[in-house]
Amino acid sequence: MAQFSPKPEWLKVRAPGGDTYHHLKETFRKLDLHTVCEEARCPNVGECWREGTATVMLLGDVCTRGCRFCAVTTGDPRGAVDVREPEHVARAIARLSLQYVVMTMVNRDDLLDGGADHVARTVSRLHALRPDLLIETLVGDFQGHMSGVDTVVDAGPDVFAHNIEVVRRITRVIRDVRSSYDQSLAVLRRAKERQRRLAADAAERGAPAPRRLTKSSIMVGIGETDDEVLEALRDLREAGVDIVTIGQYLRPSSKHAPVQRFVEPATFAAFERAALEMGFLYAASAPLVRSSYKAAEVFVRSLMDRSGPGLPAASAGAPAGDGVVGAAQIEALLEERLAVARREAARLSAELAPDEPRPLDAVTAASASPTQLVPATSLVRR
């Protein structure tokens, strides 16, 4: 593909602007807040900010890694951490009428634990202030130290997310040398194993075992083949990943890896069908899908709705009746909840589909995308 090939119609989005967008931009500057929307140059920034929503990035705006797809600033923070941030973020979010919130982070290889304790303290404080809130953490690989993974999982996020970003063959040339395909799979596998262990411990104590999920994301159009995408999906499923998102890579600048192809919408649809056939609970696959994708969040929210009937822990081998919940009943409840969740996610995806092509903003995406659920104007440090 030529370096300056025009983007296809299905990648055109509304350029950012409007009173709300500019007000949020000014607010972020005054509060010295860092957002994934700006740092990763997300193509959805205009749509999200016009609705007054954004995702705040924990642990600053300087990443210690230099991946070829990512627009976040690379550098050495030299161990600098705002120790007040967990309390500030938790208090701000707790004041809002939210059901679901996503927190992401930069890689912090300059910290002994990679920032795991900082993220965990934010999650724990949010749980204390808003026990009804569903929380997703999109974290790094903590340099492969599984103690960091355990620290975050033990804090109790409802969704533990970590992105493999690209397929195995091109990982070495696209991601930072300190990242690896197998290391990312190991992080996701450890997170799922830890979630299962915590659930088993709760069941032994006779306590409710909340459902915890794992999630990952793949970029396409950066040099992979369709077969390699399917291989990556199989690897993620084998690692126990429950939710996967697949989106088109867009080059943030001429210094980053070039786009090798624009993947057709029909191919994205085929990836989604394949993922569901492999056993993923949910797959969001479309050109402008990013790791924090609205439809995926609606799916999780619907699946884990705490306002409706819960999914109680089953008594192994117990028959239904006499107040004892059997495994078959649990499966029936879960299947019903899955069907509702998938319908809600499909409805939102249809609503988000553009009716007609619109001008493409010059600011395009690398990896992350903002969630639609966190009003950024409320994140004021008091």
# chains A, B, ... in the order shown; residues from 1 in each chain; ligands from 1
call {"tool": "select_by_dssp", "arguments": {"residues": "region 90-284 of chain A", "states": "strand (DSSP E or B)", "output": "ChimeraX atom specification"}}
result
/A:100-105,134-138,159-161,165,213-220,243-248,282-284
call {"tool": "closest_atom_pairs", "arguments": {"of": "region 176-214 of chain A", "to": "region 139-142 of chain A", "cutoff": "8 Å", "atoms": "only C-alpha atoms", "output": "tab-separated table"}}
result
residue	atom	partner	partner_atom	distance
A:Ser179	CA	A:Asp141	CA	7.7
A:Gln183	CA	A:Asp141	CA	7.3
A:Ser184	CA	A:Asp141	CA	6.2
A:Val187	CA	A:Asp141	CA	6.3
call {"tool": "write_last_selection", "arguments": {"atoms": "N, CA and C atoms", "output": "compact mmCIF listing (two decimals), in the first residue's frame"}}
result
# COMPACT_ATOMS: atom_id res chain seq x y z
N SER A 179 8.61 -5.99 25.86
CA SER A 179 7.32 -6.67 25.75
C SER A 179 7.50 -7.94 24.93
N GLN A 183 4.84 -13.32 26.98
CA GLN A 183 4.74 -12.69 28.29
C GLN A 183 3.35 -12.12 28.52
N SER A 184 2.77 -11.53 27.48
CA SER A 184 1.41 -11.01 27.59
C SER A 184 0.41 -12.13 27.81
N VAL A 187 0.61 -13.24 31.37
CA VAL A 187 -0.07 -12.31 32.28
C VAL A 187 -1.57 -12.58 32.28
call {"tool": "residues_around", "arguments": {"residues": "Cys63 (chain A)", "least_positions_apart": "4", "cutoff": "9 Å", "atoms": "only C-alpha atoms", "output": "PyMOL selection string"}}
result
chain A and resi 72-77+105-109
call {"tool": "residues_around", "arguments": {"residues": "Cys67 (chain A)", "least_positions_apart": "6", "cutoff": "12 Å", "atoms": "only C-alpha atoms", "output": "list of chain:residue names"}}
result
A:Ala40, A:Thr73, A:Thr74, A:Gly75, A:Val106, A:Asn107, A:Glu165, A:Val166, A:Ile170, A:Thr171, A:Arg172, A:Val173, A:Ile174, A:Arg175, A:Asp176, A:Val177, A:Arg178, A:Ser179, A:Ser180, A:Pro252, A:Lys255, A:His256, A:Ala257, A:Ala366, A:Ser367
call {"tool": "write_last_selection", "arguments": {"atoms": "N, CA and C atoms", "output": "JSON list (two decimals), in the first residue's frame"}}
result
[["chain", "number", "residue", "atom", "x", "y", "z"],
["A", 40, "ALA", "N", -2.97, 8.91, 23.27],
["A", 40, "ALA", "CA", -2.91, 7.88, 22.23],
["A", 40, "ALA", "C", -3.51, 8.36, 20.91],
["A", 73, "THR", "N", 3.84, 9.55, 25.12],
["A", 73, "THR", "CA", 5.22, 10.00, 25.30],
["A", 73, "THR", "C", 6.07, 8.93, 25.97],
["A", 74, "THR", "N", 7.27, 8.71, 25.43],
["A", 74, "THR", "CA", 8.22, 7.75, 26.00],
["A", 74, "THR", "C", 9.31, 8.50, 26.77],
["A", 75, "GLY", "N", 9.67, 7.98, 27.93],
["A", 75, "GLY", "CA", 10.72, 8.63, 28.71],
["A", 75, "GLY", "C", 10.99, 7.88, 30.00],
["A", 106, "VAL", "N", 0.09, 3.86, 32.08],
["A", 106, "VAL", "CA", 1.29, 3.74, 31.25],
["A", 106, "VAL", "C", 2.17, 2.65, 31.85],
["A", 107, "ASN", "N", 3.06, 2.09, 31.04],
["A", 107, "ASN", "CA", 4.04, 1.16, 31.59],
["A", 107, "ASN", "C", 5.02, 1.93, 32.46],
["A", 165, "GLU", "N", -1.85, -6.64, 21.69],
["A", 165, "GLU", "CA", -1.64, -5.61, 20.66],
["A", 165, "GLU", "C", -1.57, -6.16, 19.24],
["A", 166, "VAL", "N", -0.61, -7.06, 18.95],
["A", 166, "VAL", "CA", -0.43, -7.57, 17.59],
["A", 166, "VAL", "C", -0.17, -9.07, 17.63],
["A", 170, "ILE", "N", 4.93, -10.40, 14.43],
["A", 170, "ILE", "CA", 5.41, -9.02, 14.32],
["A", 170, "ILE", "C", 5.55, -8.33, 15.67],
["A", 171, "THR", "N", 5.35, -9.06, 16.76],
["A", 171, "THR", "CA", 5.47, -8.46, 18.09],
["A", 171, "THR", "C", 6.85, -7.84, 18.30],
["A", 172, "ARG", "N", 7.88, -8.54, 17.88],
["A", 172, "ARG", "CA", 9.25, -8.08, 18.15],
["A", 172, "ARG", "C", 9.58, -6.78, 17.43],
["A", 173, "VAL", "N", 8.97, -6.53, 16.27],
["A", 173, "VAL", "CA", 9.29, -5.32, 15.51],
["A", 173, "VAL", "C", 8.31, -4.18, 15.79],
["A", 174, "ILE", "N", 7.16, -4.48, 16.39],
["A", 174, "ILE", "CA", 6.15, -3.44, 16.63],
["A", 174, "ILE", "C", 6.13, -3.00, 18.09],
["A", 175, "ARG", "N", 6.27, -3.94, 19.01],
["A", 175, "ARG", "CA", 6.23, -3.58, 20.42],
["A", 175, "ARG", "C", 7.65, -3.36, 20.96],
["A", 176, "ASP", "N", 7.73, -2.72, 22.10],
["A", 176, "ASP", "CA", 9.02, -2.48, 22.76],
["A", 176, "ASP", "C", 9.70, -3.81, 23.07],
["A", 177, "VAL", "N", 11.03, -3.80, 23.06],
["A", 177, "VAL", "CA", 11.80, -5.02, 23.27],
["A", 177, "VAL", "C", 11.50, -5.66, 24.62],
["A", 178, "ARG", "N", 11.05, -4.87, 25.59],
["A", 178, "ARG", "CA", 10.73, -5.44, 26.91],
["A", 178, "ARG", "C", 9.37, -6.12, 26.95],
["A", 179, "SER", "N", 8.61, -5.99, 25.86],
["A", 179, "SER", "CA", 7.32, -6.67, 25.75],
["A", 179, "SER", "C", 7.50, -7.94, 24.93],
["A", 180, "SER", "N", 6.63, -8.89, 25.15],
["A", 180, "SER", "CA", 6.66, -10.09, 24.32],
["A", 180, "SER", "C", 5.27, -10.70, 24.27],
["A", 252, "PRO", "N", -0.18, 7.00, 14.06],
["A", 252, "PRO", "CA", -0.24, 8.28, 14.75],
["A", 252, "PRO", "C", 0.58, 9.37, 14.10],
["A", 255, "LYS", "N", 6.58, 8.91, 12.20],
["A", 255, "LYS", "CA", 7.63, 8.24, 12.96],
["A", 255, "LYS", "C", 7.21, 6.84, 13.41],
["A", 256, "HIS", "N", 5.93, 6.54, 13.29],
["A", 256, "HIS", "CA", 5.42, 5.25, 13.76],
["A", 256, "HIS", "C", 5.31, 4.26, 12.62],
["A", 257, "ALA", "N", 5.04, 3.01, 12.97],
["A", 257, "ALA", "CA", 4.94, 1.95, 11.97],
["A", 257, "ALA", "C", 3.86, 2.29, 10.94],
["A", 366, "ALA", "N", -3.61, 4.96, 17.87],
["A", 366, "ALA", "CA", -2.66, 3.88, 17.95],
["A", 366, "ALA", "C", -3.37, 2.69, 18.56],
["A", 367, "SER", "N", -3.52, 2.69, 19.88],
["A", 367, "SER", "CA", -4.07, 1.50, 20.52],
["A", 367, "SER", "C", -5.29, 1.78, 21.35]]
call {"tool": "atom_distance", "arguments": {"atom1": "CA of Asp110 (chain A)", "atom2": "CA of Arg78 (chain A)"}}
result
6.2 Å
call {"tool": "atom_distance", "arguments": {"atom1": "CA of Val153 (chain A)", "atom2": "CA of Arg190 (chain A)"}}
result
9.5 Å
call {"tool": "closest_residue", "arguments": {"among": "A:Arg95, A:Thr104, A:Ile135, A:Leu303", "to": "Asp61 (chain A)", "atoms": "only C-alpha atoms"}}
result
A:Thr104
call {"tool": "closest_residue", "arguments": {"among": "A:Glu85, A:Glu204, A:Asp182, A:Asp117", "to": "Thr151 (chain A)", "atoms": "only C-alpha atoms"}}
result
A:Asp117
call {"tool": "residues_around", "arguments": {"residues": "region 216-227 of chain A", "least_positions_apart": "4", "cutoff": "8 Å", "atoms": "only C-alpha atoms", "output": "tab-separated table (two decimals) with all heavy atoms, in the first residue's frame"}}
result
chain	number	residue	atom	x	y	z
A	161	ALA	N	-7.85	-6.39	32.19
A	161	ALA	CA	-7.53	-6.30	30.76
A	161	ALA	C	-6.04	-6.06	30.56
A	161	ALA	O	-5.41	-5.27	31.27
A	161	ALA	CB	-8.34	-5.17	30.12
A	162	HIS	N	-5.49	-6.75	29.58
A	162	HIS	CA	-4.11	-6.53	29.13
A	162	HIS	C	-4.07	-6.86	27.66
A	162	HIS	O	-4.58	-7.90	27.22
A	162	HIS	CB	-3.13	-7.41	29.90
A	162	HIS	CG	-1.74	-7.36	29.34
A	162	HIS	ND1	-0.94	-6.24	29.42
A	162	HIS	CD2	-1.02	-8.28	28.64
A	162	HIS	CE1	0.22	-6.48	28.83
A	162	HIS	NE2	0.19	-7.71	28.34
A	163	ASN	N	-3.48	-6.00	26.85
A	163	ASN	CA	-3.52	-6.16	25.40
A	163	ASN	C	-2.27	-6.83	24.84
A	163	ASN	O	-1.15	-6.42	25.15
A	163	ASN	CB	-3.68	-4.79	24.72
A	163	ASN	CG	-5.01	-4.14	25.06
A	163	ASN	OD1	-5.97	-4.83	25.43
A	163	ASN	ND2	-5.08	-2.84	24.93
A	164	ILE	N	-2.49	-7.84	23.98
A	164	ILE	CA	-1.35	-8.43	23.26
A	164	ILE	C	-0.96	-7.53	22.09
A	164	ILE	O	0.13	-7.66	21.53
A	164	ILE	CB	-1.63	-9.86	22.76
A	164	ILE	CG1	-2.79	-9.88	21.75
A	164	ILE	CG2	-1.89	-10.80	23.92
A	164	ILE	CD1	-2.90	-11.20	21.00
A	165	GLU	N	-1.85	-6.64	21.69
A	165	GLU	CA	-1.64	-5.61	20.66
A	165	GLU	C	-1.57	-6.16	19.24
A	165	GLU	O	-2.35	-5.75	18.37
A	165	GLU	CB	-0.37	-4.78	20.95
A	165	GLU	CG	-0.28	-4.21	22.35
A	165	GLU	CD	-1.34	-3.14	22.63
A	165	GLU	OE1	-2.20	-2.88	21.78
A	165	GLU	OE2	-1.30	-2.57	23.74
A	166	VAL	N	-0.61	-7.06	18.95
A	166	VAL	CA	-0.43	-7.57	17.59
A	166	VAL	C	-0.17	-9.07	17.63
A	166	VAL	O	0.02	-9.65	18.71
A	166	VAL	CB	0.75	-6.85	16.87
A	166	VAL	CG1	0.42	-5.39	16.63
A	166	VAL	CG2	2.04	-6.99	17.66
A	167	VAL	N	-0.14	-9.70	16.46
A	167	VAL	CA	0.08	-11.14	16.38
A	167	VAL	C	1.53	-11.48	16.73
A	167	VAL	O	2.40	-10.61	16.78
A	167	VAL	CB	-0.29	-11.68	14.98
A	167	VAL	CG1	-1.74	-11.35	14.63
A	167	VAL	CG2	0.66	-11.12	13.91
A	169	ARG	N	4.12	-13.00	15.19
A	169	ARG	CA	5.25	-12.82	14.29
A	169	ARG	C	5.80	-11.39	14.29
A	169	ARG	O	7.02	-11.19	14.16
A	169	ARG	CB	4.85	-13.21	12.86
A	169	ARG	CG	5.94	-13.00	11.82
A	169	ARG	CD	5.50	-13.50	10.45
A	169	ARG	NE	4.25	-12.88	10.02
A	169	ARG	CZ	4.17	-11.67	9.45
A	169	ARG	NH1	5.26	-10.95	9.24
A	169	ARG	NH2	3.01	-11.18	9.08
A	170	ILE	N	4.93	-10.40	14.43
A	170	ILE	CA	5.41	-9.02	14.32
A	170	ILE	C	5.55	-8.33	15.67
A	170	ILE	O	5.87	-7.14	15.73
A	170	ILE	CB	4.48	-8.18	13.41
A	170	ILE	CG1	3.06	-8.14	13.97
A	170	ILE	CG2	4.48	-8.73	11.99
A	170	ILE	CD1	2.13	-7.25	13.17
A	231	GLU	N	-4.95	-17.29	14.72
A	231	GLU	CA	-4.04	-17.96	15.64
A	231	GLU	C	-3.95	-17.20	16.97
A	231	GLU	O	-3.96	-17.80	18.05
A	231	GLU	CB	-2.65	-18.06	15.02
A	231	GLU	CG	-1.62	-18.70	15.95
A	231	GLU	CD	-0.20	-18.61	15.39
A	231	GLU	OE1	0.02	-17.89	14.41
A	231	GLU	OE2	0.69	-19.25	15.97
A	236	LEU	N	-5.34	-16.50	22.77
A	236	LEU	CA	-6.01	-15.76	23.83
A	236	LEU	C	-7.07	-16.61	24.51
A	236	LEU	O	-7.20	-16.59	25.74
A	236	LEU	CB	-6.65	-14.49	23.26
A	236	LEU	CG	-5.70	-13.37	22.85
A	236	LEU	CD1	-6.46	-12.25	22.14
A	236	LEU	CD2	-4.96	-12.81	24.07
A	241	VAL	N	-8.93	-15.94	28.19
A	241	VAL	CA	-9.50	-14.61	27.97
A	241	VAL	C	-10.98	-14.74	27.62
A	241	VAL	O	-11.37	-15.58	26.81
A	241	VAL	CB	-8.74	-13.87	26.85
A	241	VAL	CG1	-9.41	-12.57	26.48
A	241	VAL	CG2	-7.30	-13.63	27.29
A	243	ILE	N	-13.14	-11.82	26.84
A	243	ILE	CA	-13.59	-10.78	25.91
A	243	ILE	C	-12.42	-10.33	25.06
A	243	ILE	O	-11.32	-10.11	25.57
A	243	ILE	CB	-14.19	-9.58	26.67
A	243	ILE	CG1	-15.40	-10.02	27.49
A	243	ILE	CG2	-14.56	-8.45	25.72
A	243	ILE	CD1	-15.92	-8.93	28.42
A	244	VAL	N	-12.65	-10.15	23.76
A	244	VAL	CA	-11.60	-9.67	22.87
A	244	VAL	C	-12.15	-8.57	21.99
A	244	VAL	O	-13.32	-8.59	21.60
A	244	VAL	CB	-11.04	-10.83	22.00
A	244	VAL	CG1	-12.10	-11.37	21.06
A	244	VAL	CG2	-9.81	-10.38	21.23
A	245	THR	N	-11.30	-7.56	21.71
A	245	THR	CA	-11.66	-6.51	20.77
A	245	THR	C	-10.62	-6.47	19.66
A	245	THR	O	-9.43	-6.66	19.91
A	245	THR	CB	-11.75	-5.13	21.46
A	245	THR	OG1	-10.47	-4.78	22.00
A	245	THR	CG2	-12.78	-5.14	22.57
A	246	ILE	N	-11.07	-6.21	18.44
A	246	ILE	CA	-10.20	-6.18	17.27
A	246	ILE	C	-10.50	-4.91	16.48
A	246	ILE	O	-11.66	-4.64	16.16
A	246	ILE	CB	-10.41	-7.41	16.36
A	246	ILE	CG1	-10.33	-8.71	17.17
A	246	ILE	CG2	-9.41	-7.43	15.21
A	246	ILE	CD1	-10.75	-9.94	16.39
A	247	GLY	N	-9.46	-4.11	16.19
A	247	GLY	CA	-9.67	-2.86	15.47
A	247	GLY	C	-8.55	-2.57	14.49
A	247	GLY	O	-7.48	-3.18	14.53
A	248	GLN	N	-8.80	-1.62	13.59
A	248	GLN	CA	-7.84	-1.22	12.58
A	248	GLN	C	-6.74	-0.35	13.18
A	248	GLN	O	-7.01	0.62	13.89
A	248	GLN	CB	-8.55	-0.43	11.47
A	248	GLN	CG	-7.64	0.25	10.47
A	248	GLN	CD	-6.98	-0.74	9.51
A	248	GLN	OE1	-7.64	-1.57	8.92
A	248	GLN	NE2	-5.66	-0.61	9.35
A	249	TYR	N	-5.50	-0.68	12.89
A	249	TYR	CA	-4.37	0.18	13.28
A	249	TYR	C	-4.35	1.41	12.40
A	249	TYR	O	-4.49	1.32	11.17
A	249	TYR	CB	-3.05	-0.58	13.15
A	249	TYR	CG	-1.83	0.33	13.22
A	249	TYR	CD1	-1.48	0.96	14.41
A	249	TYR	CD2	-1.06	0.57	12.09
A	249	TYR	CE1	-0.38	1.81	14.47
A	249	TYR	CE2	0.05	1.40	12.14
A	249	TYR	CZ	0.39	2.01	13.34
A	249	TYR	OH	1.47	2.86	13.39
A	257	ALA	N	5.04	3.01	12.97
A	257	ALA	CA	4.94	1.95	11.97
A	257	ALA	C	3.86	2.29	10.94
A	257	ALA	O	2.78	2.76	11.31
A	257	ALA	CB	4.61	0.62	12.66
A	258	PRO	N	4.12	2.07	9.66
A	258	PRO	CA	3.13	2.39	8.63
A	258	PRO	C	1.97	1.39	8.62
A	258	PRO	O	2.12	0.24	9.05
A	258	PRO	CB	3.93	2.30	7.33
A	258	PRO	CG	5.02	1.33	7.63
A	258	PRO	CD	5.38	1.55	9.08
A	259	VAL	N	0.83	1.84	8.13
A	259	VAL	CA	-0.31	0.96	7.91
A	259	VAL	C	-0.01	0.10	6.70
A	259	VAL	O	0.39	0.61	5.64
A	259	VAL	CB	-1.61	1.77	7.68
A	259	VAL	CG1	-2.76	0.83	7.35
A	259	VAL	CG2	-1.93	2.61	8.91
A	260	GLN	N	-0.17	-1.21	6.83
A	260	GLN	CA	0.11	-2.12	5.72
A	260	GLN	C	-1.13	-2.39	4.88
A	260	GLN	O	-1.03	-2.69	3.69
A	260	GLN	CB	0.66	-3.45	6.27
A	260	GLN	CG	1.97	-3.30	7.01
A	260	GLN	CD	3.12	-2.84	6.14
A	260	GLN	OE1	3.14	-3.14	4.94
A	260	GLN	NE2	4.06	-2.10	6.70
A	261	ARG	N	-2.31	-2.31	5.49
A	261	ARG	CA	-3.55	-2.55	4.76
A	261	ARG	C	-4.72	-2.01	5.57
A	261	ARG	O	-4.63	-1.87	6.79
A	261	ARG	CB	-3.77	-4.05	4.50
A	261	ARG	CG	-3.90	-4.87	5.79
A	261	ARG	CD	-4.37	-6.28	5.53
A	261	ARG	NE	-4.39	-7.07	6.77
A	261	ARG	CZ	-5.13	-8.16	6.94
A	261	ARG	NH1	-5.92	-8.60	5.97
A	261	ARG	NH2	-5.09	-8.83	8.09
A	262	PHE	N	-5.80	-1.68	4.87
A	262	PHE	CA	-7.05	-1.34	5.52
A	262	PHE	C	-7.96	-2.56	5.43
A	262	PHE	O	-8.37	-2.97	4.34
A	262	PHE	CB	-7.70	-0.12	4.86
A	262	PHE	CG	-6.93	1.15	5.07
A	262	PHE	CD1	-6.43	1.86	3.98
A	262	PHE	CD2	-6.69	1.63	6.35
A	262	PHE	CE1	-5.72	3.04	4.18
A	262	PHE	CE2	-5.98	2.80	6.55
A	262	PHE	CZ	-5.49	3.50	5.46
A	263	VAL	N	-8.23	-3.15	6.57
A	263	VAL	CA	-9.00	-4.39	6.62
A	263	VAL	C	-10.47	-4.09	6.33
A	263	VAL	O	-11.06	-3.17	6.90
A	263	VAL	CB	-8.83	-5.07	7.99
A	263	VAL	CG1	-9.64	-6.36	8.05
A	263	VAL	CG2	-7.35	-5.34	8.26
A	290	ARG	N	-11.65	-0.02	19.61
A	290	ARG	CA	-10.42	0.10	20.38
A	290	ARG	C	-10.56	-0.74	21.66
A	290	ARG	O	-11.62	-1.28	21.94
A	290	ARG	CB	-10.10	1.57	20.70
A	290	ARG	CG	-9.81	2.40	19.43
A	290	ARG	CD	-8.56	1.88	18.74
A	290	ARG	NE	-8.23	2.64	17.54
A	290	ARG	CZ	-8.54	2.26	16.30
A	290	ARG	NH1	-9.24	1.16	16.10
A	290	ARG	NH2	-8.16	2.99	15.27
A	291	SER	N	-9.51	-0.82	22.45
A	291	SER	CA	-9.51	-1.74	23.58
A	291	SER	C	-10.59	-1.41	24.60
A	291	SER	O	-11.17	-2.30	25.21
A	291	SER	CB	-8.13	-1.76	24.25
A	291	SER	OG	-7.71	-0.46	24.55
A	367	SER	N	-3.52	2.69	19.88
A	367	SER	CA	-4.07	1.50	20.52
A	367	SER	C	-5.29	1.78	21.35
A	367	SER	O	-6.34	1.22	21.14
A	367	SER	CB	-3.00	0.86	21.41
A	367	SER	OG	-2.52	1.79	22.33
